[in-house]
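File shown here: input.cif, holding mmCIF, C-alpha atoms and all ligand atoms.
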```cif
data_run
#
loop_
_atom_site.label_atom_id
_atom_site.label_comp_id
_atom_site.auth_asym_id
_atom_site.auth_seq_id
_atom_site.Cartn_x
_atom_site.Cartn_y
_atom_site.Cartn_z
CA MET A 1 -18.35 56.44 23.93
CA ASN A 2 -14.58 56.96 24.16
CA PHE A 3 -13.53 53.47 23.14
CA LEU A 4 -9.84 54.32 23.33
CA SER A 5 -10.13 54.93 27.06
CA LEU A 6 -11.76 51.49 27.50
CA ILE A 7 -8.80 49.89 25.77
CA GLU A 8 -6.37 51.88 27.93
CA THR A 9 -8.23 50.99 31.14
CA LYS A 10 -8.00 47.30 30.39
CA ARG A 11 -4.46 47.54 29.03
CA ASP A 12 -3.41 49.04 32.37
CA GLY A 13 -5.07 46.24 34.32
CA ALA A 14 -8.08 48.05 35.78
CA ALA A 15 -11.65 46.76 35.72
CA LEU A 16 -14.28 48.08 33.30
CA ALA A 17 -17.42 49.52 34.86
CA PRO A 18 -20.75 47.78 34.09
CA HIS A 19 -21.97 50.71 31.99
CA GLN A 20 -18.74 50.64 29.93
CA ILE A 21 -19.20 46.93 29.22
CA ARG A 22 -22.84 47.46 28.22
CA GLN A 23 -21.90 50.34 25.90
CA TRP A 24 -19.10 48.33 24.31
CA VAL A 25 -21.31 45.30 23.69
CA SER A 26 -24.24 47.23 22.29
CA ALA A 27 -21.95 49.26 20.01
CA CYS A 28 -20.06 46.23 18.76
CA SER A 29 -23.22 44.30 17.92
CA GLY A 30 -24.42 47.34 16.01
CA GLY A 31 -21.15 47.47 14.04
CA GLY A 32 -20.17 50.87 15.49
CA ILE A 33 -16.56 50.14 16.50
CA PRO A 34 -13.75 49.41 14.03
CA ASP A 35 -12.32 45.89 14.14
CA TYR A 36 -8.82 47.11 15.05
CA GLN A 37 -10.11 48.71 18.28
CA LEU A 38 -12.25 45.71 19.19
CA ALA A 39 -9.24 43.48 18.56
CA ALA A 40 -7.05 45.64 20.80
CA LEU A 41 -9.56 45.40 23.64
CA LEU A 42 -9.84 41.63 23.21
CA MET A 43 -6.06 41.32 23.39
CA ALA A 44 -5.96 43.49 26.53
CA ILE A 45 -8.61 41.22 28.12
CA TYR A 46 -6.67 38.15 27.01
CA PHE A 47 -3.60 39.34 28.93
CA ARG A 48 -5.22 41.19 31.83
CA GLY A 49 -8.27 38.96 32.43
CA MET A 50 -11.57 40.10 33.91
CA THR A 51 -13.00 40.05 37.40
CA GLU A 52 -15.99 37.80 38.13
CA ALA A 53 -18.23 40.88 38.13
CA GLU A 54 -16.92 42.01 34.73
CA THR A 55 -17.37 38.52 33.25
CA ARG A 56 -20.93 38.37 34.56
CA GLU A 57 -21.75 41.79 33.11
CA LEU A 58 -20.19 40.88 29.77
CA THR A 59 -22.14 37.62 29.62
CA LEU A 60 -25.47 39.27 30.40
CA ALA A 61 -24.82 42.18 28.04
CA MET A 62 -24.01 39.73 25.24
CA ARG A 63 -27.15 37.70 26.00
CA ASP A 64 -29.21 40.88 25.86
CA SER A 65 -27.63 42.05 22.58
CA GLY A 66 -30.36 40.11 20.74
CA ASP A 67 -33.57 38.21 21.38
CA VAL A 68 -33.93 35.99 24.43
CA LEU A 69 -36.07 32.95 23.61
CA GLN A 70 -39.41 32.45 25.34
CA PHE A 71 -41.13 29.07 25.19
CA PRO A 72 -44.67 28.02 26.10
CA PRO A 73 -45.18 25.80 29.16
CA ASP A 74 -44.46 22.18 28.22
CA PRO A 75 -43.59 19.04 30.21
CA ARG A 76 -40.40 18.61 28.14
CA PRO A 77 -37.52 20.41 29.95
CA LEU A 78 -35.39 22.84 27.95
CA VAL A 79 -31.75 21.71 28.04
CA ASP A 80 -28.52 22.01 26.09
CA LYS A 81 -24.85 21.06 26.03
CA HIS A 82 -21.90 23.07 24.72
CA SER A 83 -18.30 22.12 24.10
CA THR A 84 -15.32 24.43 24.45
CA GLY A 85 -14.09 23.04 21.13
CA GLY A 86 -12.17 20.07 19.83
CA VAL A 87 -10.99 18.32 16.69
CA GLY A 88 -13.53 15.86 15.31
CA ASP A 89 -16.03 16.90 17.98
CA LYS A 90 -19.41 16.22 16.39
CA VAL A 91 -21.18 15.28 19.65
CA SER A 92 -23.82 18.01 19.24
CA LEU A 93 -25.01 16.49 15.95
CA VAL A 94 -25.64 13.16 17.64
CA LEU A 95 -26.75 14.36 21.06
CA THR A 96 -29.34 16.93 19.98
CA PRO A 97 -31.75 14.45 18.31
CA LEU A 98 -31.03 11.91 21.06
CA LEU A 99 -32.13 14.42 23.71
CA ALA A 100 -35.26 15.31 21.73
CA CYS A 101 -36.17 11.59 21.66
CA LEU A 102 -35.55 11.36 25.42
CA GLY A 103 -38.27 13.94 26.04
CA PHE A 104 -36.29 17.18 26.11
CA ARG A 105 -36.51 20.36 24.06
CA VAL A 106 -33.12 21.53 22.75
CA PRO A 107 -32.84 25.07 21.33
CA MET A 108 -29.11 24.86 20.56
CA ILE A 109 -27.36 28.10 19.56
CA SER A 110 -23.95 27.10 18.32
CA GLY A 111 -20.82 28.62 16.75
CA ARG A 112 -18.54 28.34 13.74
CA GLY A 113 -15.09 26.76 13.95
CA LEU A 114 -12.60 28.51 16.21
CA GLY A 115 -8.88 28.09 15.58
CA ILE A 116 -8.22 24.47 14.67
CA THR A 117 -11.35 23.27 16.46
CA GLY A 118 -14.38 22.59 14.30
CA GLY A 119 -17.71 24.36 14.78
CA THR A 120 -21.14 22.75 14.71
CA LEU A 121 -22.42 25.50 12.40
CA ASP A 122 -19.72 24.86 9.82
CA LYS A 123 -20.47 21.15 9.89
CA LEU A 124 -24.18 21.79 9.35
CA GLY A 125 -23.29 24.33 6.67
CA SER A 126 -22.09 21.39 4.58
CA ILE A 127 -25.69 20.16 4.27
CA PRO A 128 -27.33 21.67 1.18
CA GLY A 129 -30.08 24.14 2.03
CA PHE A 130 -29.68 23.87 5.81
CA ASN A 131 -30.55 27.23 7.40
CA ILE A 132 -28.73 28.32 10.56
CA ASP A 133 -29.99 31.90 10.53
CA LEU A 134 -33.34 31.59 12.31
CA THR A 135 -35.54 34.16 14.03
CA ALA A 136 -36.64 33.64 17.61
CA GLU A 137 -40.10 32.72 16.33
CA GLU A 138 -38.70 30.12 13.93
CA ILE A 139 -36.53 28.59 16.68
CA ARG A 140 -39.53 28.40 19.02
CA SER A 141 -41.77 26.86 16.43
CA ILE A 142 -39.26 24.16 15.33
CA VAL A 143 -38.35 23.30 18.92
CA GLN A 144 -42.02 22.93 19.87
CA LYS A 145 -42.71 20.76 16.81
CA VAL A 146 -39.55 18.68 16.37
CA GLY A 147 -38.02 18.93 19.84
CA CYS A 148 -34.66 20.32 18.70
CA VAL A 149 -32.97 22.96 16.58
CA ILE A 150 -29.35 23.91 15.92
CA CYS A 151 -28.80 27.48 14.77
CA GLY A 152 -26.25 30.26 14.98
CA GLN A 153 -25.53 33.53 16.66
CA THR A 154 -26.96 35.90 14.09
CA GLY A 155 -27.94 39.54 13.66
CA ARG A 156 -30.89 38.67 15.88
CA MET A 157 -29.66 36.01 18.29
CA VAL A 158 -26.63 36.99 20.43
CA PRO A 159 -25.22 39.28 17.68
CA ALA A 160 -22.42 40.50 19.97
CA ASP A 161 -21.02 36.96 20.12
CA LYS A 162 -21.16 36.69 16.34
CA THR A 163 -18.91 39.77 16.02
CA LEU A 164 -16.54 38.97 18.88
CA TYR A 165 -16.28 35.24 18.07
CA ALA A 166 -15.09 35.90 14.52
CA LEU A 167 -12.58 38.51 15.70
CA ARG A 168 -11.21 36.32 18.50
CA ASP A 169 -10.72 33.55 16.00
CA ALA A 170 -8.63 35.79 13.76
CA THR A 171 -6.62 37.51 16.51
CA GLY A 172 -5.38 34.66 18.71
CA THR A 173 -7.62 35.69 21.61
CA VAL A 174 -9.82 32.62 21.96
CA GLY A 175 -8.09 30.98 24.92
CA SER A 176 -9.21 33.42 27.60
CA ILE A 177 -11.38 32.19 30.48
CA PRO A 178 -13.63 35.30 30.71
CA LEU A 179 -14.07 35.50 26.92
CA ILE A 180 -14.92 31.80 26.56
CA THR A 181 -17.25 31.98 29.58
CA ALA A 182 -19.13 34.99 28.20
CA SER A 183 -19.26 33.59 24.67
CA ILE A 184 -20.69 30.24 25.71
CA LEU A 185 -22.98 31.34 28.52
CA SER A 186 -24.43 34.31 26.63
CA LYS A 187 -25.67 31.90 23.93
CA LYS A 188 -26.97 29.40 26.46
CA LEU A 189 -28.72 32.02 28.62
CA ALA A 190 -30.42 33.41 25.49
CA GLU A 191 -31.97 29.94 25.07
CA ASN A 192 -33.74 30.18 28.44
CA ILE A 193 -32.87 26.57 29.34
CA SER A 194 -33.21 24.95 32.76
CA ALA A 195 -30.15 22.64 32.55
CA LEU A 196 -26.81 22.92 30.78
CA LEU A 197 -23.99 20.45 30.38
CA LEU A 198 -20.58 21.83 29.42
CA ASP A 199 -17.94 19.70 27.77
CA VAL A 200 -14.69 21.40 28.76
CA LYS A 201 -11.80 19.99 26.78
CA PHE A 202 -8.17 19.87 27.82
CA GLY A 203 -5.10 18.55 26.04
CA GLY A 204 -2.98 19.22 23.00
CA ALA A 205 -5.76 20.47 20.73
CA ALA A 206 -7.89 22.27 23.33
CA PHE A 207 -7.89 25.98 24.17
CA MET A 208 -7.06 24.93 27.73
CA PRO A 209 -4.00 22.69 27.35
CA THR A 210 -3.83 21.55 30.99
CA LYS A 211 -6.38 19.86 33.22
CA GLU A 212 -5.90 22.61 35.82
CA GLU A 213 -6.76 25.40 33.36
CA ALA A 214 -9.74 23.43 32.08
CA ARG A 215 -10.96 22.94 35.65
CA GLU A 216 -10.64 26.68 36.30
CA LEU A 217 -12.70 27.42 33.16
CA ALA A 218 -15.27 24.77 34.10
CA ARG A 219 -15.60 26.17 37.64
CA ALA A 220 -16.07 29.71 36.32
CA MET A 221 -18.79 28.63 33.87
CA VAL A 222 -20.59 26.33 36.32
CA ALA A 223 -20.64 29.04 39.01
CA LEU A 224 -21.94 31.74 36.65
CA GLY A 225 -24.47 29.41 34.99
CA ARG A 226 -25.88 28.52 38.42
CA GLU A 227 -25.89 32.13 39.55
CA CYS A 228 -28.01 32.87 36.49
CA GLY A 229 -30.52 30.16 37.44
CA VAL A 230 -29.43 27.33 35.11
CA ASN A 231 -28.60 23.92 36.57
CA THR A 232 -25.08 23.73 35.14
CA ARG A 233 -22.40 21.06 35.32
CA ALA A 234 -19.27 20.35 33.33
CA LEU A 235 -17.38 17.29 32.13
CA LEU A 236 -13.62 17.62 31.77
CA THR A 237 -12.76 15.57 28.69
CA ARG A 238 -9.49 14.78 26.94
CA MET A 239 -8.69 16.36 23.59
CA ASP A 240 -5.33 14.85 22.68
CA ALA A 241 -6.64 12.62 19.89
CA PRO A 242 -9.51 13.55 17.54
CA LEU A 243 -12.96 12.40 18.61
CA GLY A 244 -14.10 9.67 16.25
CA ARG A 245 -12.27 8.91 13.03
CA ALA A 246 -13.14 11.96 10.93
CA ALA A 247 -12.25 15.68 11.03
CA GLY A 248 -13.60 18.07 8.39
CA ASN A 249 -17.11 19.43 8.02
CA TRP A 250 -18.96 17.09 5.67
CA LEU A 251 -16.90 14.08 6.78
CA GLU A 252 -18.04 14.73 10.34
CA VAL A 253 -21.69 14.98 9.37
CA LYS A 254 -21.31 11.60 7.67
CA GLU A 255 -19.71 10.15 10.77
CA ALA A 256 -22.46 11.58 13.01
CA VAL A 257 -25.07 9.91 10.80
CA ALA A 258 -23.14 6.61 10.99
CA CYS A 259 -23.11 6.93 14.78
CA LEU A 260 -26.87 7.59 14.86
CA GLU A 261 -27.26 4.43 12.76
CA GLY A 262 -25.30 2.38 15.31
CA ARG A 263 -22.13 2.17 13.21
CA GLY A 264 -19.80 3.84 15.71
CA PRO A 265 -17.25 5.27 16.37
CA GLU A 266 -17.31 4.09 19.95
CA ASP A 267 -15.85 7.20 21.64
CA LEU A 268 -18.45 9.45 19.98
CA HIS A 269 -21.28 7.11 20.99
CA THR A 270 -19.95 6.88 24.55
CA LEU A 271 -19.60 10.65 24.97
CA ALA A 272 -23.08 11.32 23.58
CA VAL A 273 -24.58 8.75 25.96
CA GLU A 274 -22.60 10.19 28.86
CA CYS A 275 -23.82 13.74 28.11
CA ALA A 276 -27.42 12.56 27.84
CA ALA A 277 -27.10 10.65 31.13
CA HIS A 278 -25.93 13.78 32.94
CA LEU A 279 -28.73 15.91 31.52
CA LEU A 280 -31.27 13.23 32.50
CA MET A 281 -29.95 13.41 36.06
CA GLN A 282 -29.80 17.21 36.09
CA SER A 283 -33.48 17.23 35.05
CA ASN A 284 -34.55 14.57 37.61
CA LYS A 285 -35.36 12.09 34.84
CA ALA A 286 -32.76 9.54 36.00
CA LYS A 287 -32.05 8.24 39.53
CA ASN A 288 -28.31 8.06 38.91
CA LEU A 289 -25.80 8.10 36.06
CA ASP A 290 -26.13 4.40 35.28
CA HIS A 291 -29.89 4.74 35.03
CA GLY A 292 -29.40 7.70 32.67
CA ARG A 293 -26.82 5.82 30.58
CA GLY A 294 -29.24 2.90 30.25
CA GLN A 295 -32.08 5.14 29.05
CA ALA A 296 -29.83 6.94 26.58
CA ALA A 297 -28.31 3.74 25.16
CA LEU A 298 -31.76 2.19 24.71
CA CYS A 299 -33.07 5.28 22.96
CA PHE A 300 -30.00 5.36 20.70
CA ALA A 301 -30.53 1.72 19.74
CA SER A 302 -34.20 2.35 18.89
CA GLY A 303 -33.18 4.27 15.74
CA GLN A 304 -35.49 7.15 16.66
CA PRO A 305 -32.69 9.74 17.03
CA ARG A 306 -31.60 9.02 13.44
CA GLU A 307 -35.13 9.84 12.24
CA LYS A 308 -35.23 12.90 14.49
CA PHE A 309 -32.01 14.16 12.92
CA ASP A 310 -33.69 14.09 9.51
CA ASP A 311 -36.79 15.81 10.93
CA MET A 312 -34.58 18.61 12.27
CA LEU A 313 -32.73 18.98 8.96
CA ALA A 314 -35.98 19.09 7.00
CA ALA A 315 -37.50 21.65 9.40
CA GLN A 316 -34.43 23.85 8.87
CA GLY A 317 -34.74 23.75 5.11
CA ALA A 318 -32.23 21.04 4.14
CA ASP A 319 -32.54 19.54 0.67
CA MET A 320 -33.07 15.97 1.87
CA LYS A 321 -32.81 14.42 -1.58
CA GLU A 322 -29.39 15.95 -2.15
CA PHE A 323 -28.35 15.18 1.44
CA ASN A 324 -29.17 11.48 1.04
CA LYS A 325 -27.48 11.39 -2.34
CA ARG A 326 -24.26 12.77 -0.83
CA LEU A 327 -24.45 10.41 2.15
CA ALA A 328 -24.32 7.48 -0.24
CA LEU A 329 -21.08 8.72 -1.87
CA ASP A 330 -17.72 7.45 -0.68
CA ARG A 331 -16.26 10.94 -1.15
CA THR A 332 -17.38 14.38 -2.23
CA ALA A 333 -13.89 15.96 -2.50
CA PRO A 334 -12.05 15.74 -5.86
CA VAL A 335 -9.34 13.46 -4.41
CA ALA A 336 -9.17 10.99 -1.50
CA MET A 337 -5.72 9.58 -0.68
CA GLU A 338 -4.97 6.91 1.91
CA TYR A 339 -1.98 7.16 4.15
CA ARG A 340 -0.67 3.68 5.01
CA ALA A 341 1.54 2.31 7.78
CA SER A 342 5.09 1.30 6.97
CA GLY A 343 5.56 -0.60 10.25
CA GLU A 344 3.45 -2.51 12.74
CA GLY A 345 2.49 -2.10 16.37
CA PHE A 346 0.06 -0.31 18.64
CA ILE A 347 -1.12 3.24 18.10
CA VAL A 348 -0.27 5.17 21.25
CA GLY A 349 -1.36 8.61 20.05
CA CYS A 350 -2.94 10.46 17.17
CA ASN A 351 -2.11 14.14 17.61
CA ALA A 352 -5.36 16.09 17.30
CA ARG A 353 -3.54 19.40 16.88
CA VAL A 354 -1.67 18.09 13.84
CA VAL A 355 -4.91 16.69 12.39
CA GLY A 356 -6.75 19.98 13.05
CA GLU A 357 -3.99 21.99 11.37
CA ILE A 358 -4.01 19.68 8.36
CA VAL A 359 -7.78 20.11 7.96
CA ARG A 360 -7.51 23.89 8.31
CA ASP A 361 -4.62 24.14 5.85
CA LEU A 362 -6.41 21.94 3.32
CA GLY A 363 -9.08 24.67 3.29
CA GLY A 364 -11.50 23.00 5.68
CA GLY A 365 -10.99 25.67 8.39
CA ARG A 366 -10.31 29.41 8.66
CA LEU A 367 -7.12 31.43 8.90
CA THR A 368 -8.92 34.78 8.61
CA LYS A 369 -12.40 36.06 9.40
CA THR A 370 -13.41 35.94 5.76
CA THR A 371 -11.90 32.60 4.69
CA ILE A 372 -14.44 30.60 2.68
CA ILE A 373 -14.35 27.01 3.83
CA ASN A 374 -14.40 24.06 1.45
CA MET A 375 -16.82 21.76 3.28
CA HIS A 376 -15.64 18.57 1.64
CA LEU A 377 -11.99 18.57 2.73
CA GLY A 378 -10.50 16.85 5.75
CA VAL A 379 -9.37 13.49 7.04
CA ASP A 380 -11.31 10.31 7.77
CA GLU A 381 -10.62 6.63 8.51
CA LEU A 382 -8.18 7.69 11.25
CA VAL A 383 -6.86 4.89 13.44
CA LYS A 384 -7.44 5.38 17.14
CA PRO A 385 -5.07 5.10 20.10
CA GLY A 386 -5.06 1.53 21.39
CA GLU A 387 -5.62 -0.03 17.97
CA THR A 388 -3.02 -2.24 16.28
CA VAL A 389 -1.72 -1.69 12.78
CA ALA A 390 0.16 -3.89 10.33
CA VAL A 391 2.40 -2.90 7.43
CA GLY A 392 0.13 -1.39 4.77
CA SER A 393 -2.87 -0.70 7.10
CA VAL A 394 -4.68 2.56 6.43
CA LEU A 395 -3.85 5.12 9.15
CA GLY A 396 -6.01 7.85 7.68
CA ARG A 397 -7.47 9.15 4.42
CA VAL A 398 -7.00 12.71 3.23
CA HIS A 399 -9.75 14.46 1.21
CA ALA A 400 -8.21 17.23 -0.89
CA VAL A 401 -8.67 19.37 -3.97
CA ASP A 402 -5.87 17.67 -5.94
CA GLU A 403 -3.21 14.94 -5.75
CA ALA A 404 -0.37 17.28 -4.79
CA GLN A 405 -2.32 18.77 -1.88
CA ALA A 406 -3.36 15.29 -0.74
CA ALA A 407 0.23 13.98 -0.88
CA ALA A 408 1.52 16.94 1.16
CA ALA A 409 -1.20 16.41 3.76
CA CYS A 410 -0.41 12.65 3.97
CA GLU A 411 3.22 13.55 4.65
CA ARG A 412 2.10 15.78 7.54
CA LEU A 413 -0.31 13.12 8.79
CA ARG A 414 2.70 10.83 9.25
CA THR A 415 3.88 13.09 12.09
CA ALA A 416 0.57 12.78 13.95
CA PHE A 417 0.98 9.13 14.95
CA GLU A 418 2.93 7.63 17.79
CA PHE A 419 3.57 3.87 17.78
CA SER A 420 4.68 1.32 20.36
CA ASN A 421 5.27 -2.41 20.60
CA ALA A 422 3.37 -2.53 23.88
CA ARG A 423 -0.37 -2.05 24.29
CA PRO A 424 -0.87 1.47 25.73
CA GLU A 425 -2.89 2.17 28.88
CA LEU A 426 -5.62 4.54 27.73
CA PRO A 427 -6.99 7.06 30.22
CA PRO A 428 -10.79 7.52 30.28
CA LEU A 429 -12.19 10.14 27.89
CA VAL A 430 -14.11 11.85 30.71
CA GLU A 431 -11.57 12.82 33.36
CA SER A 432 -13.97 14.26 35.94
CA VAL A 433 -17.19 16.16 36.56
CA VAL A 434 -17.37 19.71 37.93
CA GLN A 435 -20.67 20.61 39.60
N1 LIG A 501 -17.35 27.85 22.01
C1 LIG A 501 -17.94 29.06 22.03
O1 LIG A 501 -19.12 29.18 21.73
N2 LIG A 501 -17.22 30.12 22.40
C2 LIG A 501 -15.92 30.03 22.75
O2 LIG A 501 -15.34 31.03 23.09
C3 LIG A 501 -15.30 28.77 22.72
C4 LIG A 501 -16.04 27.68 22.34
#
```

Would you kindly transcribe this structure into structure tokens?
Ligand code: URA
Amino acid sequence: MNFLSLIETKRDGAALAPHQIRQWVSACSGGGIPDYQLAALLMAIYFRGMTEAETRELTLAMRDSGDVLQFPPDPRPLVDKHSTGGVGDKVSLVLTPLLACLGFRVPMISGRGLGITGGTLDKLGSIPGFNIDLTAEEIRSIVQKVGCVICGQTGRMVPADKTLYALRDATGTVGSIPLITASILSKKLAENISALLLDVKFGGAAFMPTKEEARELARAMVALGRECGVNTRALLTRMDAPLGRAAGNWLEVKEAVACLEGRGPEDLHTLAVECAAHLLMQSNKAKNLDHGRGQAALCFASGQPREKFDDMLAAQGADMKEFNKRLALDRTAPVAMEYRASGEGFIVGCNARVVGEIVRDLGGGRLTKTTIINMHLGVDELVKPGETVAVGSVLGRVHAVDEAQAAAACERLRTAFEFSNARPELPPLVESVVQ
């Protein structure tokens, strides 16, 4: 294959032919093209876009780059949800066991962090022993037994996304509608699910900053998902403030466990219930959204999803003794430093982009493809928009490797908050539904 001519075709704004896309994807998953040429093509796509036909071909070629899961007949529908990425977004950790307890099977193929947004795989990577690199047979067997699994794109499952995802992260080419569409849908189509819920984020820390761009992305993914036979819908959700009170891999796992145990945070609980309600409706298990919300909230309160989370971890090799030991600790980073308010008033905003950058720069996220993440670093105890603070209240707590790093991060955290004397009007987290 003459890869240079593919780059030139796209650079000049023409469409790639289906066979060129297939050749590119199969070569890149086999490691046959140097990173600099792949990166050049990604940048050309970022600026020139792709037609609907090209995006479809890319998605299907990426799906077919590895195994496509096959499951035995079972009354439990196969479903999943996927987020376009946010700061503090640990919904998948809470929702997956919740869905399994609601009578679904969830074979979730997820990704690492992208840019300043966290990735479900990195969060789970903070659990000792937890294995994300599963074969199709292992995924099938755990899903049939436990009801849910969370694993990664690997050499076997959607390998093309594994290569392209890491390169996009390191080359500033994530925020492209065709590339996001193909990345997400290739993983979801490889799961062979019947219903998919997409959480498309917009706002200061999202890849799609405006509602209009997010809607365009949501429409593209919903249309292609449906064309490929999956009942797909999307929620447009705000990503101006972090979701929950924690950002950073291990800190988010801890917060997800707290949420499964009924200890909040409220926005995470609400979004998980909302996602479950939509999937219940999409699978004809709820008459309407309120009926779905009721079922999901009841299931949450039963405590079963918390047990299911442990079952999933154990099935994927986690060292449960060590996991429980760490859960009981107040911190696992060398230093935890509180940042306190010097005035009083209402919190109007907590800038998720600033928080995401702090976590990344502490060492909790990646700047290059090969960055090794320190799983224990990040921020927790964040105050939320709408809450009041007094002089000396904790606004957030930084987990760092030493005092100097923690103090520098606290100084940056100061710039994340916006205060007011008046109670702010908070818009709903879910702005609208695209279906
Ligand atoms: N999540 C993915 O899996 N891929 C993207 O491109 C963005 C978010």

Query - Test item: residues at most 10 Å from Arg331 of chain A, all atoms listed in the file, excluding those fewer than 4 positions along its chain, as a ChimeraX atom specification - result: /A:250-251,326-327,335-336,376-377,399

Of A:Ser176, A:Ser92, A:Thr388, A:Thr55, the one nearest to ligand LIG 501 (chain A) when counting only C-alpha atoms and all ligand atoms is A:Ser176

Pick out the residues sitting within 8 Å of segment 404-417 of chain A, and hand them over as JSON, numbers by chain; count all atoms listed in the file, and ignore anything fewer than 4 positions along from it in its own chain. {"A": [335, 336, 337, 338, 339, 347, 348, 349, 350, 351, 352, 354, 355, 358, 362, 396, 397, 398, 399, 400]}

Residue nearest ligand LIG 501 (chain A) among A:Lys145, A:Ser26, A:Ala14, A:Thr163 (counting all atoms listed in the file):
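Result for the nearest residue to ligand LIG 501 (chain A): A:Thr163.
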
Radius query 12 Å about (-31.8, 3.4, 19.5), atoms used: all atoms listed in the file, as a ChimeraX atom specification: /A:94,97-99,101-102,259-263,269,273,294-308
